[in-house]
Amino acid sequence: MQPTPLPDKVLSRGLLDVLIRAGLIAILVISCYQIFRPFLDLMLWSMILAITLYPLHGMLRVRLGSDARAASLIVLIAITILLIPVYLLGDSVAESIQQTIAVVKNDAFHIPPPADSVATWPLVGETLHGFWQQAATDLTGLLQKVAPQLKGVSLTVLGKLAGVGIGFLMFIFALVIAGIFMAYGANGSHSAVQIAVRVSGPERGPQIAELCTATIRAAAQGVVGIAFIQMLLVGGGFVVMGIPGAGLLALAVLLLGIMQLPATLITIPVIAFVFATEGATAASIAFAIYTFVAGMVDNVLKPLLLARGVAVPMPVILIGALGGMVTSGIIGLFIGPVLLAVGYQLFWQWVDDQPEATTPAADDQQPT
């Protein structure tokens, strides 16, 4: 008879098998992530757009009778809406460049000389006075002197503009992929619920999947949607009043709204510019009141839309949006609230899932 293997050898062999399998799985996961990493942002944006636009897709599907037609129509309308402000922005930039070139060619741009009191300013007075004086008397020589610095700044600005262009193209591709997701929305929703059930169990899985969907839609409505509404309101007032560069200023309002910064950073200087150029007329006063109110409309809409349909307090969603934007950029506006909302729900489910208090048995209770 052969001796039976010792238990410690069997245990070590089983542990070795587990470690080998875990190592192979880790290698597979890391390899898949490295392959998928270049497309991660694109797929995240596609999923976010598909979840946000899927209710609209459901309404159009009833009327058009086809998932593919409804998804295609949404993608075409969204791309058209995106191209219109881009065209207006490009036209405004081109017009500004042409005006600048015309001013330079006609030698119509003159800088007034500085006052003598500028030189008495502490720390920077003499340097600023000399720089200003040279700009007023010999602007061409000053530009040649600072040409190397201007070249570096210009390259940086062009790089940022190229990054914005690449981001816009990625957003267009994300819209197209989101249309494909919406066309197969039922299968995608079923798959998401299956994954959530596999991770969190049959009781919590569907709730977590629904929470993630509602949080993404709430973030889209409460952050991007409000910023877009604010851009339309403020930009419309700028266009009616004939403010120079109204398209660029409206785009700045949109970006400030997405970054959760107050639109008054744009509206108050514009109001001051209108009063400085046109005086306190009835039109300027009406414009000032309208623009100031439109710039503050997010304070009213945000509490109404940010946590709408989400079983999580509004401050949790707002903190998630702000923190996600700080850590991950614009896409963090959607990922941050989802992660924080899921963590919030799991935490309170863990708090509520306490063991029942045990009561002593009747036969154990003896009279004193």
# chains A, B, ... in the order shown; residues from 1 in each chain; ligands from 1
call {"tool": "residues_around", "arguments": {"residues": "region 289-304 of chain A", "least_positions_apart": "2", "cutoff": "6 Å", "atoms": "only C-alpha atoms", "output": "PDB file with N, CA and C atoms, in the first residue's frame"}}
result
ATOM      1  N   GLY A 222     -29.206  67.694 -14.941  1.00  0.00           N
ATOM      2  CA  GLY A 222     -28.913  68.701 -13.948  1.00  0.00           C
ATOM      3  C   GLY A 222     -27.640  69.480 -14.175  1.00  0.00           C
ATOM      4  N   VAL A 234     -28.850  83.221 -22.086  1.00  0.00           N
ATOM      5  CA  VAL A 234     -27.888  84.330 -22.047  1.00  0.00           C
ATOM      6  C   VAL A 234     -27.426  84.683 -23.452  1.00  0.00           C
ATOM      7  N   ALA A 263     -22.287  81.735 -14.051  1.00  0.00           N
ATOM      8  CA  ALA A 263     -22.303  82.462 -15.322  1.00  0.00           C
ATOM      9  C   ALA A 263     -22.128  83.955 -15.132  1.00  0.00           C
ATOM     10  N   THR A 264     -22.240  84.434 -13.907  1.00  0.00           N
ATOM     11  CA  THR A 264     -22.035  85.862 -13.648  1.00  0.00           C
ATOM     12  C   THR A 264     -20.602  86.305 -13.955  1.00  0.00           C
ATOM     13  N   ALA A 286     -33.131  97.015 -19.232  1.00  0.00           N
ATOM     14  CA  ALA A 286     -33.869  95.764 -19.437  1.00  0.00           C
ATOM     15  C   ALA A 286     -32.917  94.617 -19.749  1.00  0.00           C
ATOM     16  N   PHE A 287     -31.900  94.907 -20.555  1.00  0.00           N
ATOM     17  CA  PHE A 287     -30.904  93.870 -20.869  1.00  0.00           C
ATOM     18  C   PHE A 287     -30.156  93.439 -19.617  1.00  0.00           C
ATOM     19  N   LEU A 306     -31.396  68.019 -10.690  1.00  0.00           N
ATOM     20  CA  LEU A 306     -30.156  67.279 -10.472  1.00  0.00           C
ATOM     21  C   LEU A 306     -30.409  65.903  -9.882  1.00  0.00           C
TER      22      LEU A 306
END
call {"tool": "select_by_dssp", "arguments": {"residues": "region 298-353 of chain A", "states": "alpha helix (DSSP H)", "output": "number ranges by chain"}}
result
A: 298-305, 314-328, 332-352
call {"tool": "residues_around", "arguments": {"residues": "region 318-325 of chain A", "least_positions_apart": "2", "cutoff": "10 Å", "atoms": "only C-alpha atoms", "output": "PyMOL selection string"}}
result
chain A and resi 219+222-223+258-260+302-303+306-307+313-316+327-341
call {"tool": "write_last_selection", "arguments": {"atoms": "N, CA and C atoms", "output": "PDB file, in the first residue's frame"}}
result
ATOM      1  N   ALA A 219     -27.559  63.466 -13.866  1.00  0.00           N
ATOM      2  CA  ALA A 219     -26.380  64.300 -14.067  1.00  0.00           C
ATOM      3  C   ALA A 219     -26.442  65.018 -15.411  1.00  0.00           C
ATOM      4  N   GLY A 222     -29.206  67.694 -14.941  1.00  0.00           N
ATOM      5  CA  GLY A 222     -28.913  68.701 -13.948  1.00  0.00           C
ATOM      6  C   GLY A 222     -27.640  69.480 -14.175  1.00  0.00           C
ATOM      7  N   VAL A 223     -26.732  68.971 -15.018  1.00  0.00           N
ATOM      8  CA  VAL A 223     -25.466  69.666 -15.270  1.00  0.00           C
ATOM      9  C   VAL A 223     -25.417  70.172 -16.714  1.00  0.00           C
ATOM     10  N   ILE A 258     -20.995  73.843 -17.312  1.00  0.00           N
ATOM     11  CA  ILE A 258     -20.559  72.455 -17.195  1.00  0.00           C
ATOM     12  C   ILE A 258     -19.540  72.303 -16.086  1.00  0.00           C
ATOM     13  N   MET A 259     -18.669  73.298 -15.926  1.00  0.00           N
ATOM     14  CA  MET A 259     -17.657  73.255 -14.875  1.00  0.00           C
ATOM     15  C   MET A 259     -18.201  73.704 -13.519  1.00  0.00           C
ATOM     16  N   GLN A 260     -19.518  73.945 -13.436  1.00  0.00           N
ATOM     17  CA  GLN A 260     -20.175  74.334 -12.187  1.00  0.00           C
ATOM     18  C   GLN A 260     -19.640  75.656 -11.642  1.00  0.00           C
ATOM     19  N   LYS A 302     -31.264  73.718 -10.838  1.00  0.00           N
ATOM     20  CA  LYS A 302     -30.398  72.626 -10.363  1.00  0.00           C
ATOM     21  C   LYS A 302     -31.049  71.790  -9.270  1.00  0.00           C
ATOM     22  N   PRO A 303     -31.651  72.399  -8.220  1.00  0.00           N
ATOM     23  CA  PRO A 303     -32.308  71.545  -7.219  1.00  0.00           C
ATOM     24  C   PRO A 303     -33.486  70.764  -7.771  1.00  0.00           C
ATOM     25  N   LEU A 306     -31.396  68.019 -10.690  1.00  0.00           N
ATOM     26  CA  LEU A 306     -30.156  67.279 -10.472  1.00  0.00           C
ATOM     27  C   LEU A 306     -30.409  65.903  -9.882  1.00  0.00           C
ATOM     28  N   ALA A 307     -31.272  65.772  -8.899  1.00  0.00           N
ATOM     29  CA  ALA A 307     -31.539  64.470  -8.282  1.00  0.00           C
ATOM     30  C   ALA A 307     -32.936  63.956  -8.613  1.00  0.00           C
ATOM     31  N   PRO A 313     -29.928  61.654  -2.047  1.00  0.00           N
ATOM     32  CA  PRO A 313     -30.048  63.107  -1.834  1.00  0.00           C
ATOM     33  C   PRO A 313     -29.282  63.907  -2.870  1.00  0.00           C
ATOM     34  N   MET A 314     -29.825  65.086  -3.181  1.00  0.00           N
ATOM     35  CA  MET A 314     -29.216  65.948  -4.188  1.00  0.00           C
ATOM     36  C   MET A 314     -27.785  66.339  -3.854  1.00  0.00           C
ATOM     37  N   PRO A 315     -27.429  66.625  -2.581  1.00  0.00           N
ATOM     38  CA  PRO A 315     -26.016  66.964  -2.304  1.00  0.00           C
ATOM     39  C   PRO A 315     -25.042  65.859  -2.677  1.00  0.00           C
ATOM     40  N   VAL A 316     -25.466  64.602  -2.557  1.00  0.00           N
ATOM     41  CA  VAL A 316     -24.578  63.490  -2.936  1.00  0.00           C
ATOM     42  C   VAL A 316     -24.293  63.536  -4.436  1.00  0.00           C
ATOM     43  N   THR A 327     -11.371  65.277 -10.702  1.00  0.00           N
ATOM     44  CA  THR A 327     -10.452  64.146 -10.828  1.00  0.00           C
ATOM     45  C   THR A 327     -10.372  63.585 -12.239  1.00  0.00           C
ATOM     46  N   SER A 328     -11.485  63.617 -12.997  1.00  0.00           N
ATOM     47  CA  SER A 328     -11.509  62.941 -14.300  1.00  0.00           C
ATOM     48  C   SER A 328     -11.964  63.821 -15.445  1.00  0.00           C
ATOM     49  N   GLY A 329     -12.115  65.125 -15.234  1.00  0.00           N
ATOM     50  CA  GLY A 329     -12.525  66.000 -16.325  1.00  0.00           C
ATOM     51  C   GLY A 329     -14.027  65.958 -16.542  1.00  0.00           C
ATOM     52  N   ILE A 330     -14.428  66.301 -17.777  1.00  0.00           N
ATOM     53  CA  ILE A 330     -15.854  66.403 -18.090  1.00  0.00           C
ATOM     54  C   ILE A 330     -16.566  65.073 -17.901  1.00  0.00           C
ATOM     55  N   ILE A 331     -15.923  63.983 -18.304  1.00  0.00           N
ATOM     56  CA  ILE A 331     -16.577  62.681 -18.175  1.00  0.00           C
ATOM     57  C   ILE A 331     -16.788  62.317 -16.713  1.00  0.00           C
ATOM     58  N   GLY A 332     -15.998  62.907 -15.814  1.00  0.00           N
ATOM     59  CA  GLY A 332     -16.196  62.669 -14.396  1.00  0.00           C
ATOM     60  C   GLY A 332     -17.492  63.237 -13.868  1.00  0.00           C
ATOM     61  N   LEU A 333     -18.110  64.195 -14.597  1.00  0.00           N
ATOM     62  CA  LEU A 333     -19.413  64.703 -14.202  1.00  0.00           C
ATOM     63  C   LEU A 333     -20.454  63.602 -14.148  1.00  0.00           C
ATOM     64  N   PHE A 334     -20.279  62.550 -14.940  1.00  0.00           N
ATOM     65  CA  PHE A 334     -21.229  61.453 -14.984  1.00  0.00           C
ATOM     66  C   PHE A 334     -20.752  60.251 -14.170  1.00  0.00           C
ATOM     67  N   ILE A 335     -19.459  59.969 -14.247  1.00  0.00           N
ATOM     68  CA  ILE A 335     -18.930  58.816 -13.517  1.00  0.00           C
ATOM     69  C   ILE A 335     -18.932  59.080 -12.015  1.00  0.00           C
ATOM     70  N   GLY A 336     -18.557  60.301 -11.601  1.00  0.00           N
ATOM     71  CA  GLY A 336     -18.500  60.635 -10.183  1.00  0.00           C
ATOM     72  C   GLY A 336     -19.826  60.451  -9.465  1.00  0.00           C
ATOM     73  N   PRO A 337     -20.937  61.038  -9.966  1.00  0.00           N
ATOM     74  CA  PRO A 337     -22.217  60.823  -9.288  1.00  0.00           C
ATOM     75  C   PRO A 337     -22.646  59.366  -9.234  1.00  0.00           C
ATOM     76  N   VAL A 338     -22.363  58.608 -10.292  1.00  0.00           N
ATOM     77  CA  VAL A 338     -22.746  57.193 -10.296  1.00  0.00           C
ATOM     78  C   VAL A 338     -22.014  56.434  -9.195  1.00  0.00           C
ATOM     79  N   LEU A 339     -20.702  56.606  -9.130  1.00  0.00           N
ATOM     80  CA  LEU A 339     -19.921  55.891  -8.118  1.00  0.00           C
ATOM     81  C   LEU A 339     -20.333  56.313  -6.709  1.00  0.00           C
ATOM     82  N   LEU A 340     -20.505  57.624  -6.503  1.00  0.00           N
ATOM     83  CA  LEU A 340     -20.864  58.088  -5.166  1.00  0.00           C
ATOM     84  C   LEU A 340     -22.275  57.643  -4.787  1.00  0.00           C
ATOM     85  N   ALA A 341     -23.205  57.643  -5.746  1.00  0.00           N
ATOM     86  CA  ALA A 341     -24.572  57.198  -5.451  1.00  0.00           C
ATOM     87  C   ALA A 341     -24.611  55.705  -5.129  1.00  0.00           C
TER      88      ALA A 341
END
call {"tool": "closest_residue", "arguments": {"among": "A:Gly23, A:Gly242, A:Gly237, A:Gly343", "to": "Cys212 (chain A)", "atoms": "only C-alpha atoms"}}
result
A:Gly343
call {"tool": "closest_residue", "arguments": {"among": "A:Ile285, A:Tyr54, A:Ile74, A:Leu83", "to": "Leu169 (chain A)", "atoms": "only C-alpha atoms"}}
result
A:Leu83
call {"tool": "closest_residue", "arguments": {"among": "A:Ile243, A:Ala196, A:Val29, A:Ala183", "to": "Glu278 (chain A)", "atoms": "only C-alpha atoms"}}
result
A:Ile243
call {"tool": "atom_distance", "arguments": {"atom1": "CA of Ala136 (chain A)", "atom2": "CA of Ile111 (chain A)"}}
result
4.8 Å
call {"tool": "residues_around", "arguments": {"residues": "Ala174 (chain A)", "least_positions_apart": "2", "cutoff": "12 Å", "atoms": "only C-alpha atoms", "output": "number ranges by chain"}}
result
A: 39-50, 75, 78-79, 167-172, 176-181
